[in-house]
$ cat my_file.pdb   # PDB, C-alpha atoms and all ligand atoms
ATOM      1  CA  MET A  91      99.621  98.667  61.469
ATOM      2  CA  SER A  92     103.390  98.419  61.291
ATOM      3  CA  SER A  93     104.114 102.107  61.636
ATOM      4  CA  ASP A  94     107.018 103.220  63.802
ATOM      5  CA  LEU A  95     106.530 103.671  67.517
ATOM      6  CA  LEU A  96     108.823 106.403  68.902
ATOM      7  CA  GLY A  97     111.093 105.787  65.903
ATOM      8  CA  LEU A  98     111.303 102.017  66.347
ATOM      9  CA  ARG A  99     109.690  99.669  63.837
ATOM     10  CA  PRO A 100     107.854  96.537  65.015
ATOM     11  CA  VAL A 101     108.729  93.391  63.020
ATOM     12  CA  ALA A 102     106.184  90.560  62.754
ATOM     13  CA  GLY A 103     107.201  87.536  64.819
ATOM     14  CA  GLU A 104     110.193  89.273  66.410
ATOM     15  CA  VAL A 105     111.262  91.061  69.568
ATOM     16  CA  VAL A 106     112.975  94.326  68.607
ATOM     17  CA  TYR A 107     115.199  96.121  71.143
ATOM     18  CA  GLY A 108     115.869  99.849  70.799
ATOM     19  CA  SER A 109     115.393 103.217  72.432
ATOM     20  CA  PHE A 110     113.999 106.698  71.973
ATOM     21  CA  GLU A 111     115.562 109.955  73.142
ATOM     22  CA  VAL A 112     114.442 112.725  75.446
ATOM     23  CA  ASN A 113     117.008 115.547  75.737
ATOM     24  CA  LYS A 114     119.598 113.185  74.198
ATOM     25  CA  VAL A 115     119.049 110.579  76.942
ATOM     26  CA  PRO A 116     118.169 107.180  75.439
ATOM     27  CA  ILE A 117     115.185 105.488  77.102
ATOM     28  CA  PRO A 118     114.909 101.717  76.429
ATOM     29  CA  LEU A 119     111.968 100.524  74.312
ATOM     30  CA  VAL A 120     111.131  96.914  73.395
ATOM     31  CA  LEU A 121     108.572  95.899  70.774
ATOM     32  CA  ALA A 122     107.250  92.329  70.490
ATOM     33  CA  LYS A 123     104.991  91.871  67.499
ATOM     34  CA  GLY A 124     102.796  88.863  66.819
ATOM     35  CA  SER A 125     102.242  87.253  63.440
ATOM     36  CA  ARG A 126      99.165  89.394  62.718
ATOM     37  CA  ASP A 127      98.333  93.097  63.049
ATOM     38  CA  GLY A 128      96.103  93.921  65.990
ATOM     39  CA  PRO A 129      95.906  95.761  69.292
ATOM     40  CA  LEU A 130      98.797  97.688  70.836
ATOM     41  CA  LEU A 131      99.391  97.033  74.535
ATOM     42  CA  VAL A 132     101.899  99.200  76.420
ATOM     43  CA  VAL A 133     103.654  97.936  79.552
ATOM     44  CA  HIS A 134     105.168 100.997  81.224
ATOM     45  CA  CYS A 135     107.588 100.390  84.111
ATOM     46  CA  ALA A 136     109.667 102.244  86.688
ATOM     47  CA  GLN A 137     108.593 105.845  86.374
ATOM     48  CA  HIS A 138     109.382 105.778  90.089
ATOM     49  CA  PRO A 139     113.057 104.900  90.324
ATOM     50  CA  THR A 140     112.973 102.089  92.919
ATOM     51  CA  GLU A 141     109.780 100.353  91.749
ATOM     52  CA  TYR A 142     110.711  97.440  89.486
ATOM     53  CA  SER A 143     107.667  95.130  89.599
ATOM     54  CA  GLY A 144     107.069  95.402  85.838
ATOM     55  CA  SER A 145     110.742  95.700  84.835
ATOM     56  CA  ALA A 146     111.569  92.454  86.657
ATOM     57  CA  MET A 147     108.646  90.600  85.078
ATOM     58  CA  ILE A 148     109.109  91.531  81.457
ATOM     59  CA  ALA A 149     112.049  89.265  80.589
ATOM     60  CA  THR A 150     110.145  86.225  81.890
ATOM     61  CA  LEU A 151     107.121  87.202  79.823
ATOM     62  CA  LEU A 152     109.103  87.849  76.619
ATOM     63  CA  ARG A 153     110.953  84.547  76.937
ATOM     64  CA  GLU A 154     107.709  82.594  77.130
ATOM     65  CA  LEU A 155     105.582  84.472  74.592
ATOM     66  CA  ASP A 156     104.793  82.511  71.435
ATOM     67  CA  LEU A 157     104.772  85.361  68.907
ATOM     68  CA  SER A 158     103.451  83.057  66.165
ATOM     69  CA  ALA A 159     100.260  82.636  68.229
ATOM     70  CA  MET A 160      99.993  86.326  69.102
ATOM     71  CA  THR A 161      98.019  89.123  67.432
ATOM     72  CA  GLY A 162      99.109  92.753  67.704
ATOM     73  CA  THR A 163     102.063  94.380  69.429
ATOM     74  CA  LEU A 164     103.356  94.503  72.979
ATOM     75  CA  ALA A 165     105.373  97.692  73.555
ATOM     76  CA  VAL A 166     107.472  97.744  76.719
ATOM     77  CA  VAL A 167     109.118 100.731  78.371
ATOM     78  CA  PRO A 168     111.092  98.712  80.942
ATOM     79  CA  LEU A 169     112.970 101.584  82.675
ATOM     80  CA  ALA A 170     111.071 104.793  81.933
ATOM     81  CA  ASN A 171     112.811 107.140  84.340
ATOM     82  CA  ILE A 172     116.380 106.075  83.534
ATOM     83  CA  PRO A 173     118.238 109.216  84.774
ATOM     84  CA  PHE A 174     116.619 108.944  88.219
ATOM     85  CA  ILE A 175     116.972 105.147  88.220
ATOM     86  CA  LEU A 176     120.696 105.333  87.562
ATOM     87  CA  ARG A 177     121.101 107.956  90.295
ATOM     88  CA  THR A 178     119.859 105.383  92.844
ATOM     89  CA  ARG A 179     123.127 103.479  92.153
ATOM     90  CA  VAL A 180     125.462 106.023  90.497
ATOM     91  CA  PRO A 181     124.966 109.499  92.041
ATOM     92  CA  ASP A 182     126.424 111.617  89.223
ATOM     93  CA  ALA A 183     124.805 109.911  86.267
ATOM     94  CA  TYR A 184     123.224 112.260  83.716
ATOM     95  CA  PRO A 185     124.381 115.623  85.176
ATOM     96  CA  ALA A 186     122.340 117.661  82.650
ATOM     97  CA  GLN A 187     119.081 115.984  83.652
ATOM     98  CA  ALA A 188     120.085 116.198  87.326
ATOM     99  CA  GLY A 189     120.204 119.992  86.907
ATOM    100  CA  SER A 190     116.817 120.083  85.235
ATOM    101  CA  LEU A 191     115.372 117.897  87.999
ATOM    102  CA  ALA A 192     116.981 120.016  90.734
ATOM    103  CA  SER A 193     115.390 123.154  89.299
ATOM    104  CA  ALA A 194     111.991 121.495  89.649
ATOM    105  CA  GLU A 195     112.710 120.216  93.176
ATOM    106  CA  GLY A 196     110.049 121.139  95.710
ATOM    107  CA  THR A 197     107.373 121.678  93.058
ATOM    108  CA  PRO A 198     104.517 119.189  92.618
ATOM    109  CA  ARG A 199     106.047 118.232  89.278
ATOM    110  CA  THR A 200     109.288 116.805  90.713
ATOM    111  CA  ASN A 201     107.420 113.514  90.847
ATOM    112  CA  ILE A 202     107.110 112.222  87.299
ATOM    113  CA  ASN A 203     103.726 110.703  88.144
ATOM    114  CA  ARG A 204     102.276 114.184  88.634
ATOM    115  CA  CYS A 205     103.278 115.318  85.117
ATOM    116  CA  TRP A 206     100.957 113.430  82.775
ATOM    117  CA  PRO A 207     100.217 113.957  79.922
ATOM    118  CA  GLY A 208     103.315 116.177  79.804
ATOM    119  CA  VAL A 209     104.494 119.494  78.338
ATOM    120  CA  GLU A 210     106.367 119.647  75.023
ATOM    121  CA  ASP A 211     108.976 122.238  76.120
ATOM    122  CA  GLY A 212     108.820 121.597  79.870
ATOM    123  CA  THR A 213     111.217 120.141  82.435
ATOM    124  CA  TRP A 214     112.835 116.754  81.898
ATOM    125  CA  ASN A 215     109.871 114.969  83.531
ATOM    126  CA  GLU A 216     107.332 116.898  81.501
ATOM    127  CA  ARG A 217     109.170 116.223  78.221
ATOM    128  CA  LEU A 218     109.448 112.517  78.974
ATOM    129  CA  THR A 219     105.732 112.233  79.786
ATOM    130  CA  TYR A 220     104.821 114.304  76.716
ATOM    131  CA  THR A 221     106.948 112.102  74.433
ATOM    132  CA  LEU A 222     105.453 108.886  75.796
ATOM    133  CA  SER A 223     101.891 110.271  75.769
ATOM    134  CA  HIS A 224     101.951 111.420  72.160
ATOM    135  CA  GLY A 225     104.500 109.013  70.678
ATOM    136  CA  LEU A 226     103.111 105.795  72.164
ATOM    137  CA  PHE A 227     100.119 105.937  74.526
ATOM    138  CA  GLU A 228      97.863 107.854  72.139
ATOM    139  CA  GLN A 229      98.023 104.973  69.622
ATOM    140  CA  ALA A 230      97.628 102.232  72.250
ATOM    141  CA  ASP A 231      94.599 100.123  73.191
ATOM    142  CA  ALA A 232      95.672  99.986  76.837
ATOM    143  CA  VAL A 233      98.525 101.140  79.080
ATOM    144  CA  LEU A 234      99.616  99.204  82.180
ATOM    145  CA  ASP A 235     101.656 101.387  84.539
ATOM    146  CA  PHE A 236     103.707  99.303  87.009
ATOM    147  CA  HIS A 237     104.616 100.533  90.508
ATOM    148  CA  SER A 238     105.511  99.101  93.916
ATOM    149  CA  CYS A 239     103.714  99.740  97.202
ATOM    150  CA  ARG A 240     104.041  99.104 100.952
ATOM    151  CA  MET A 241     104.609  95.606 102.357
ATOM    152  CA  CYS A 242     101.240  95.651 104.183
ATOM    153  CA  ASP A 243      99.341  96.387 100.953
ATOM    154  CA  PRO A 244      98.160  93.601  98.666
ATOM    155  CA  ASN A 245      98.845  93.622  94.934
ATOM    156  CA  PHE A 246      96.258  95.942  93.439
ATOM    157  CA  THR A 247      95.225  97.681  90.243
ATOM    158  CA  GLY A 248      93.789 101.194  90.099
ATOM    159  CA  TYR A 249      91.570 103.062  87.649
ATOM    160  CA  VAL A 250      89.862 106.444  87.352
ATOM    161  CA  ASN A 251      86.099 106.425  87.934
ATOM    162  CA  THR A 252      85.317 108.392  84.740
ATOM    163  CA  SER A 253      86.826 105.703  82.454
ATOM    164  CA  PRO A 254      84.678 102.539  82.211
ATOM    165  CA  ALA A 255      87.197 101.054  79.742
ATOM    166  CA  SER A 256      89.975 101.443  82.332
ATOM    167  CA  ARG A 257      87.786  99.735  84.957
ATOM    168  CA  GLU A 258      87.418  96.747  82.592
ATOM    169  CA  ILE A 259      91.201  96.525  82.234
ATOM    170  CA  ALA A 260      91.714  96.901  86.001
ATOM    171  CA  LEU A 261      89.367  93.965  86.676
ATOM    172  CA  ALA A 262      90.669  91.810  83.804
ATOM    173  CA  PHE A 263      94.257  92.108  85.083
ATOM    174  CA  GLY A 264      93.002  89.764  87.777
ATOM    175  CA  PHE A 265      94.304  90.968  91.124
ATOM    176  CA  GLU A 266      91.901  90.454  94.008
ATOM    177  CA  THR A 267      92.079  94.132  94.971
ATOM    178  CA  VAL A 268      91.005  96.988  92.712
ATOM    179  CA  ASP A 269      91.130 100.664  93.681
ATOM    180  CA  GLU A 270      88.760 103.200  92.122
ATOM    181  CA  THR A 271      89.947 106.788  92.298
ATOM    182  CA  GLU A 272      88.352 110.090  91.362
ATOM    183  CA  GLU A 273      89.617 112.113  88.400
ATOM    184  CA  GLU A 274      90.557 115.242  90.359
ATOM    185  CA  GLY A 275      92.531 115.529  93.586
ATOM    186  CA  HIS A 276      96.049 116.310  94.672
ATOM    187  CA  PHE A 277      97.559 113.490  92.629
ATOM    188  CA  SER A 278      95.675 114.548  89.504
ATOM    189  CA  GLY A 279      98.725 114.406  87.199
ATOM    190  CA  GLN A 280      98.959 110.625  87.617
ATOM    191  CA  LEU A 281      99.240 108.552  84.448
ATOM    192  CA  HIS A 282      96.187 106.394  85.182
ATOM    193  CA  ARG A 283      94.067 109.490  85.860
ATOM    194  CA  ARG A 284      95.154 111.655  82.920
ATOM    195  CA  VAL A 285      95.880 109.255  80.042
ATOM    196  CA  PRO A 286      92.293 107.890  79.778
ATOM    197  CA  ILE A 287      90.848 111.421  79.934
ATOM    198  CA  GLU A 288      93.308 113.424  77.798
ATOM    199  CA  LEU A 289      94.297 110.762  75.255
ATOM    200  CA  GLY A 290      91.277 108.445  75.300
ATOM    201  CA  THR A 291      93.426 105.365  76.014
ATOM    202  CA  PRO A 292      92.416 103.070  78.899
ATOM    203  CA  ALA A 293      95.188 103.029  81.486
ATOM    204  CA  ILE A 294      95.620 101.430  84.889
ATOM    205  CA  LEU A 295      97.952 101.576  87.851
ATOM    206  CA  VAL A 296      99.511  98.244  88.886
ATOM    207  CA  GLU A 297     100.889  98.282  92.440
ATOM    208  CA  MET A 298     102.948  95.418  93.875
ATOM    209  CA  SER A 299     105.119  95.513  97.014
ATOM    210  CA  PRO A 300     107.864  96.033  98.016
ATOM    211  CA  THR A 301     109.131  99.514  97.107
ATOM    212  CA  SER A 302     112.739  98.508  97.537
ATOM    213  CA  LYS A 303     114.615  97.954  94.241
ATOM    214  CA  VAL A 304     114.093  94.184  94.457
ATOM    215  CA  VAL A 305     111.213  92.004  93.298
ATOM    216  CA  GLN A 306     110.445  88.555  94.655
ATOM    217  CA  ARG A 307     109.886  85.751  92.151
ATOM    218  CA  HIS A 308     106.272  85.127  93.195
ATOM    219  CA  ARG A 309     105.489  88.792  92.408
ATOM    220  CA  VAL A 310     107.089  88.375  88.979
ATOM    221  CA  LEU A 311     104.694  85.487  88.315
ATOM    222  CA  ASP A 312     101.701  87.527  89.574
ATOM    223  CA  ALA A 313     102.632  90.380  87.229
ATOM    224  CA  ARG A 314     103.115  88.026  84.276
ATOM    225  CA  ARG A 315      99.678  86.441  84.832
ATOM    226  CA  GLY A 316      98.134  89.929  84.825
ATOM    227  CA  VAL A 317      99.714  90.938  81.520
ATOM    228  CA  LEU A 318      98.698  87.617  79.920
ATOM    229  CA  ASN A 319      95.130  88.245  81.161
ATOM    230  CA  ILE A 320      95.094  91.673  79.488
ATOM    231  CA  MET A 321      96.492  90.219  76.246
ATOM    232  CA  LYS A 322      93.630  87.671  76.288
ATOM    233  CA  HIS A 323      91.135  90.412  77.178
ATOM    234  CA  LEU A 324      92.286  92.480  74.158
ATOM    235  CA  GLY A 325      92.221  89.466  71.810
ATOM    236  CA  MET A 326      96.024  89.338  71.406
ATOM    237  CA  LEU A 327      96.168  85.779  72.769
ATOM    238  CA  GLU A 328      93.648  82.927  72.855
ATOM    239  CA  GLY A 329      92.447  81.493  76.115
ATOM    240  CA  GLU A 330      90.489  82.107  79.289
ATOM    241  CA  LEU A 331      91.438  84.778  81.803
ATOM    242  CA  GLU A 332      92.835  83.495  85.123
ATOM    243  CA  LEU A 333      90.781  85.347  87.725
ATOM    244  CA  PRO A 334      90.520  84.914  91.496
ATOM    245  CA  ASP A 335      87.222  83.684  92.992
ATOM    246  CA  THR A 336      86.635  87.089  94.585
ATOM    247  CA  GLN A 337      87.613  90.597  93.535
ATOM    248  CA  ILE A 338      86.973  93.639  95.708
ATOM    249  CA  VAL A 339      86.641  97.158  94.318
ATOM    250  CA  PHE A 340      87.491  99.855  96.876
ATOM    251  CA  HIS A 341      86.606 103.506  96.364
ATOM    252  CA  ARG A 342      89.129 106.166  97.400
ATOM    253  CA  MET A 343      86.382 108.657  98.256
ATOM    254  CA  ALA A 344      84.145 106.290 100.243
ATOM    255  CA  SER A 345      84.106 106.523 104.032
ATOM    256  CA  LYS A 346      86.221 103.923 105.842
ATOM    257  CA  ILE A 347      86.448 102.461 109.316
ATOM    258  CA  GLY A 348      90.025 102.380 110.600
ATOM    259  CA  PHE A 349      91.439  99.823 113.042
ATOM    260  CA  ARG A 350      94.099 101.292 115.295
ATOM    261  CA  THR A 351      96.005 100.057 118.341
ATOM    262  CA  SER A 352      95.397 101.761 121.674
ATOM    263  CA  GLN A 353      98.401 100.199 123.402
ATOM    264  CA  ILE A 354     101.774  98.551 122.885
ATOM    265  CA  GLY A 355     101.608  94.828 122.172
ATOM    266  CA  PHE A 356     102.084  92.054 119.622
ATOM    267  CA  ALA A 357      99.580  92.203 116.721
ATOM    268  CA  SER A 358      98.127  88.838 115.632
ATOM    269  CA  PHE A 359      96.121  89.088 112.422
ATOM    270  CA  HIS A 360      93.244  86.752 111.555
ATOM    271  CA  GLN A 361      92.570  88.030 108.029
ATOM    272  CA  PRO A 362      94.725  88.392 104.906
ATOM    273  CA  GLU A 363      95.849  91.833 103.668
ATOM    274  CA  VAL A 364      92.567  92.162 101.790
ATOM    275  CA  ALA A 365      89.333  90.268 102.393
ATOM    276  CA  ALA A 366      85.561  90.349 102.146
ATOM    277  CA  VAL A 367      84.461  90.216 105.802
ATOM    278  CA  GLU A 368      81.125  89.837 107.588
ATOM    279  CA  GLU A 369      79.971  91.714 110.670
ATOM    280  CA  GLY A 370      81.588  90.193 113.765
ATOM    281  CA  ASP A 371      84.562  88.589 111.977
ATOM    282  CA  LEU A 372      87.731  88.759 114.069
ATOM    283  CA  ILE A 373      90.343  90.951 112.384
ATOM    284  CA  VAL A 374      93.246  91.457 114.780
ATOM    285  CA  GLU A 375      94.191  90.864 118.408
ATOM    286  CA  ILE A 376      96.788  92.774 120.395
ATOM    287  CA  ARG A 377      98.601  90.454 122.793
ATOM    288  CA  SER A 378     100.376  91.384 126.004
ATOM    289  CA  LEU A 379     104.162  91.554 125.871
ATOM    290  CA  GLU A 380     104.167  90.197 129.464
ATOM    291  CA  ASP A 381     102.071  87.001 129.195
ATOM    292  CA  PHE A 382     100.842  87.034 125.550
ATOM    293  CA  SER A 383      97.177  87.135 126.594
ATOM    294  CA  VAL A 384      94.716  89.123 124.461
ATOM    295  CA  VAL A 385      94.501  92.713 125.719
ATOM    296  CA  GLU A 386      92.621  94.167 122.765
ATOM    297  CA  ALA A 387      90.543  92.668 119.924
ATOM    298  CA  HIS A 388      89.112  94.265 116.811
ATOM    299  CA  THR A 389      86.140  92.747 114.976
ATOM    300  CA  ALA A 390      84.325  93.999 111.889
ATOM    301  CA  PRO A 391      81.470  96.291 113.040
ATOM    302  CA  THR A 392      79.745  95.701 109.692
ATOM    303  CA  SER A 393      80.331  93.672 106.531
ATOM    304  CA  GLY A 394      82.476  95.081 103.718
ATOM    305  CA  GLY A 395      85.912  95.047 102.160
ATOM    306  CA  LEU A 396      88.942  94.958 104.442
ATOM    307  CA  ALA A 397      92.161  96.498 103.068
ATOM    308  CA  SER A 398      95.760  97.089 104.200
ATOM    309  CA  CYS A 399      95.224  94.608 107.031
ATOM    310  CA  GLY A 400      98.651  94.071 108.568
ATOM    311  CA  ALA A 401     101.464  95.491 110.625
ATOM    312  CA  PRO A 402     102.616  98.821 109.144
ATOM    313  CA  THR A 403     106.201  98.519 110.438
ATOM    314  CA  SER A 404     106.415  95.616 112.895
ATOM    315  CA  HIS A 405     104.085  93.118 114.573
ATOM    316  CA  VAL A 406     105.232  94.745 117.820
ATOM    317  CA  VAL A 407     102.891  97.695 117.522
ATOM    318  CA  LEU A 408     102.810 101.054 119.286
ATOM    319  CA  PRO A 409      99.695 102.994 120.334
ATOM    320  CA  GLY A 410      97.929 104.679 117.408
ATOM    321  CA  GLU A 411      99.323 102.516 114.611
ATOM    322  CA  ASP A 412      97.029 101.550 111.698
ATOM    323  CA  LEU A 413      96.122  97.878 111.419
ATOM    324  CA  GLY A 414      93.738  98.040 108.478
ATOM    325  CA  THR A 415      90.673  99.765 107.069
ATOM    326  CA  LEU A 416      87.159  98.534 106.326
ATOM    327  CA  GLU A 417      85.052 100.011 103.547
ATOM    328  CA  PRO A 418      81.379  99.072 104.075
ATOM    329  CA  THR A 419      80.478 100.095 100.483
ATOM    330  CA  ALA A 420      83.261  98.134  98.752
ATOM    331  CA  GLU A 421      82.004  96.094  95.765
ATOM    332  CA  ILE A 422      82.466  92.359  96.215
ATOM    333  CA  ILE A 423      82.634  90.595  92.835
ATOM    334  CA  ARG A 424      82.335  86.772  92.738
ATOM    335  CA  ASN A 425      83.846  85.304  89.577
TER     336      ASN A 425
HETATM  337 ZN    ZN B   1     105.166 104.466  92.173
END

$ encode --input "my_file.pdb" --output "structure tokens"
Amino acid sequence: MSSDLLGLRPVAGEVVYGSFEVNKVPIPLVLAKGSRDGPLLVVHCAQHPTEYSGSAMIATLLRELDLSAMTGTLAVVPLANIPFILRTRVPDAYPAQAGSLASAEGTPRTNINRCWPGVEDGTWNERLTYTLSHGLFEQADAVLDFHSCRMCDPNFTGYVNTSPASREIALAFGFETVDETEEEGHFSGQLHRRVPIELGTPAILVEMSPTSKVVQRHRVLDARRGVLNIMKHLGMLEGELELPDTQIVFHRMASKIGFRTSQIGFASFHQPEVAAVEEGDLIVEIRSLEDFSVVEAHTAPTSGGLASCGAPTSHVVLPGEDLGTLEPTAEIIRN
């Protein structure tokens, strides 16, 4: 299987750098092929223009990969949404695409991650998603779609509940937190919802904070471990998966218990951002700004999976701010 991918030819034992074009804009594409034919894994990064978790990881991964010990091909789209990305630093970059994007402004399809699997003759976003869907994802064995999330969220992977193969990938990636979402809903044009259904290729969302154009080194290493896990899972590399002792699967549509401040104070957390908790476990205390005594305490009313536990903006919290959610029906998986 050494056929071209978006016009670029993989070469056994080599990393090939190139690009493909959408409306004459070159989008970077990198192909790393092992010594033997095998699965095709796509690492897709930065469809949102300030979210570089995957883009920042990929050079570290490529530098360390032993292609002679690898089977199959790793295809990387390191900077998918390049016109938007460049506009975060250079306002007038790609004026033609800026016009096409402006004409779509205010519609649900301004956001590229509402446009999958794309439209052949559509707007810039729809053409880009169409080209990637049919030129690359359709042939792939799995697609990993890298994003960045809020500081108070843990690293997590997401999958659509109608794709068991995507669930396997989401768990094998090896983050402690996994988010199951329904197929329909107001974000239904998302890559990880549409690609498994329309193209039959397992695909997951990978979310890692922060959403701020920079990626900390420890996140780079987390992302690299996840990709190596998927390569092992697909048989591209030998070796055991590195999994955490506990993984928790949350369900978007399940009912949740929210923890919220009722007064101003300093929030002291007694759990990590995500955790399996038992009834009665202390989650967070609000301390007085006058004498630092406890003026409010939140404990788990039932056992379950705790998520987004942390200060949303500051540890000095205001009345009504969210401090975390508990899902009683979350699946707790012990590895
Ligand atoms: Zn995103």

$ resolve_selection --input "my_file.pdb" --expression "the PyMOL selection byres (((not hetatm)) within 9 of (chain B and resi 1))" --output "PyMOL selection string"
chain A and resi 136-141+203+235-239+295+297+301

$ resolve_selection --input "my_file.pdb" --expression "the PyMOL selection byres (((chain A and resi 379) around 12) and not hetatm)" --output "list of chain:residue names"
A:Gln353, A:Ile354, A:Gly355, A:Phe356, A:Ala357, A:Ile376, A:Arg377, A:Ser378, A:Glu380, A:Asp381, A:Phe382, A:Ser383, A:Val384, A:Val385, A:His405, A:Val406, A:Val407, A:Leu408

$ resolve_selection --input "my_file.pdb" --expression "the PyMOL selection byres (((chain A and resi 413-424) around 6) and not hetatm)" --output "MDAnalysis selection string"
chainID A and resid 335:340 346:350 394:401 412 425

$ write_last_selection --input "my_file.pdb" --atoms "C-alpha atoms" --output "mmCIF file, in the coordinates of the input"
data_model
loop_
_atom_site.group_PDB
_atom_site.id
_atom_site.type_symbol
_atom_site.label_atom_id
_atom_site.label_comp_id
_atom_site.auth_asym_id
_atom_site.auth_seq_id
_atom_site.Cartn_x
_atom_site.Cartn_y
_atom_site.Cartn_z
ATOM 1 C CA ASP A 335 87.222 83.684 92.992
ATOM 2 C CA THR A 336 86.635 87.089 94.585
ATOM 3 C CA GLN A 337 87.613 90.597 93.535
ATOM 4 C CA ILE A 338 86.973 93.639 95.708
ATOM 5 C CA VAL A 339 86.641 97.158 94.318
ATOM 6 C CA PHE A 340 87.491 99.855 96.876
ATOM 7 C CA LYS A 346 86.221 103.923 105.842
ATOM 8 C CA ILE A 347 86.448 102.461 109.316
ATOM 9 C CA GLY A 348 90.025 102.380 110.600
ATOM 10 C CA PHE A 349 91.439 99.823 113.042
ATOM 11 C CA ARG A 350 94.099 101.292 115.295
ATOM 12 C CA GLY A 394 82.476 95.081 103.718
ATOM 13 C CA GLY A 395 85.912 95.047 102.160
ATOM 14 C CA LEU A 396 88.942 94.958 104.442
ATOM 15 C CA ALA A 397 92.161 96.498 103.068
ATOM 16 C CA SER A 398 95.760 97.089 104.200
ATOM 17 C CA CYS A 399 95.224 94.608 107.031
ATOM 18 C CA GLY A 400 98.651 94.071 108.568
ATOM 19 C CA ALA A 401 101.464 95.491 110.625
ATOM 20 C CA ASP A 412 97.029 101.550 111.698
ATOM 21 C CA ASN A 425 83.846 85.304 89.577
#

$ closest_residue --input "my_file.pdb" --among "A:Gly103, A:Pro118, A:Gly124, A:Gly97" --to "Leu164 (chain A)" --atoms "only C-alpha atoms"
A:Gly124

$ atom_distance --input "my_file.pdb" --atom1 "CA of Leu311 (chain A)" --atom2 "CA of Phe246 (chain A)"
14.4 Å

$ residues_near_point --input "my_file.pdb" --point "(104.2, 98.7, 99.0)" --cutoff "7 Å" --atoms "only C-alpha atoms" --output "JSON, numbers by chain"
{"A": [238, 239, 240, 241, 242, 243, 298, 299, 300, 301]}

$ atom_distance --input "my_file.pdb" --atom1 "CA of Arg126 (chain A)" --atom2 "CA of Thr161 (chain A)"
4.9 Å

$ atom_distance --input "my_file.pdb" --atom1 "CA of Phe277 (chain A)" --atom2 "CA of Val305 (chain A)"
25.5 Å

$ closest_residue --input "my_file.pdb" --among "A:Leu157, A:Val120, A:Ala146, A:Trp206" --to "Ala102 (chain A)" --atoms "all atoms listed in the file"
A:Leu157

$ residues_around --input "my_file.pdb" --residues "region 320-322 of chain A" --least-positions-apart "6" --cutoff "12 Å" --atoms "all atoms listed in the file" --output "ChimeraX atom specification"
/A:124,128-133,151,155,159-165,231-234,256,258-265,292-294,313-314,328-333

$ closest_residue --input "my_file.pdb" --among "A:Gly212, A:Val304, A:Arg217, A:Val296" --to "Val317 (chain A)" --atoms "all atoms listed in the file"
A:Val296

$ axis_aligned_box --input "my_file.pdb" --around "region 138-155 of chain A" --padding-each-side "4 Å" --output "lines of an AutoDock Vina configuration file"
center_x = 109.3
center_y = 94.2
center_z = 83.8
size_x = 15.5
size_y = 31.2
size_z = 26.3

$ residues_around --input "my_file.pdb" --residues "Asp211 (chain A)" --least-positions-apart "6" --cutoff "12 Å" --atoms "all atoms listed in the file" --output "ChimeraX atom specification"
/A:112-113,217-221

$ closest_residue --input "my_file.pdb" --among "A:Val285, A:Met147, A:Ala170, A:Ile202" --to "His308 (chain A)" --atoms "all atoms listed in the file"
A:Met147

$ closest_residue --input "my_file.pdb" --among "A:Glu154, A:Val250, A:Thr291, A:Pro173" --to "Lys114 (chain A)" --atoms "all atoms listed in the file"
A:Pro173

$ closest_residue --input "my_file.pdb" --among "A:Pro207, A:Gly144, A:Gly410, A:Pro168" --to "Tyr107 (chain A)" --atoms "all atoms listed in the file"
A:Pro168

$ build_atoms --input "my_file.pdb" --residues "region 387-396 of chain A" --atoms "N, CA and C atoms" --output "PDB file, in the frame of the given file"
ATOM      1  N   ALA A 387      90.956  93.418 121.128  1.00  0.00           N
ATOM      2  CA  ALA A 387      90.543  92.668 119.924  1.00  0.00           C
ATOM      3  C   ALA A 387      89.694  93.577 119.060  1.00  0.00           C
ATOM      4  N   HIS A 388      89.904  93.466 117.753  1.00  0.00           N
ATOM      5  CA  HIS A 388      89.112  94.265 116.811  1.00  0.00           C
ATOM      6  C   HIS A 388      88.322  93.315 115.919  1.00  0.00           C
ATOM      7  N   THR A 389      86.995  93.522 115.872  1.00  0.00           N
ATOM      8  CA  THR A 389      86.140  92.747 114.976  1.00  0.00           C
ATOM      9  C   THR A 389      85.481  93.708 114.000  1.00  0.00           C
ATOM     10  N   ALA A 390      84.980  93.155 112.891  1.00  0.00           N
ATOM     11  CA  ALA A 390      84.325  93.999 111.889  1.00  0.00           C
ATOM     12  C   ALA A 390      82.976  94.467 112.438  1.00  0.00           C
ATOM     13  N   PRO A 391      82.748  95.795 112.538  1.00  0.00           N
ATOM     14  CA  PRO A 391      81.470  96.291 113.040  1.00  0.00           C
ATOM     15  C   PRO A 391      80.347  96.136 112.009  1.00  0.00           C
ATOM     16  N   THR A 392      80.715  95.867 110.772  1.00  0.00           N
ATOM     17  CA  THR A 392      79.745  95.701 109.692  1.00  0.00           C
ATOM     18  C   THR A 392      80.432  94.893 108.588  1.00  0.00           C
ATOM     19  N   SER A 393      79.691  94.395 107.635  1.00  0.00           N
ATOM     20  CA  SER A 393      80.331  93.672 106.531  1.00  0.00           C
ATOM     21  C   SER A 393      80.934  94.671 105.544  1.00  0.00           C
ATOM     22  N   GLY A 394      81.843  94.200 104.701  1.00  0.00           N
ATOM     23  CA  GLY A 394      82.476  95.081 103.718  1.00  0.00           C
ATOM     24  C   GLY A 394      83.803  94.538 103.255  1.00  0.00           C
ATOM     25  N   GLY A 395      84.590  95.419 102.663  1.00  0.00           N
ATOM     26  CA  GLY A 395      85.912  95.047 102.160  1.00  0.00           C
ATOM     27  C   GLY A 395      86.985  95.547 103.103  1.00  0.00           C
ATOM     28  N   LEU A 396      87.840  94.629 103.544  1.00  0.00           N
ATOM     29  CA  LEU A 396      88.942  94.958 104.442  1.00  0.00           C
ATOM     30  C   LEU A 396      90.195  95.149 103.581  1.00  0.00           C
TER      31      LEU A 396
END
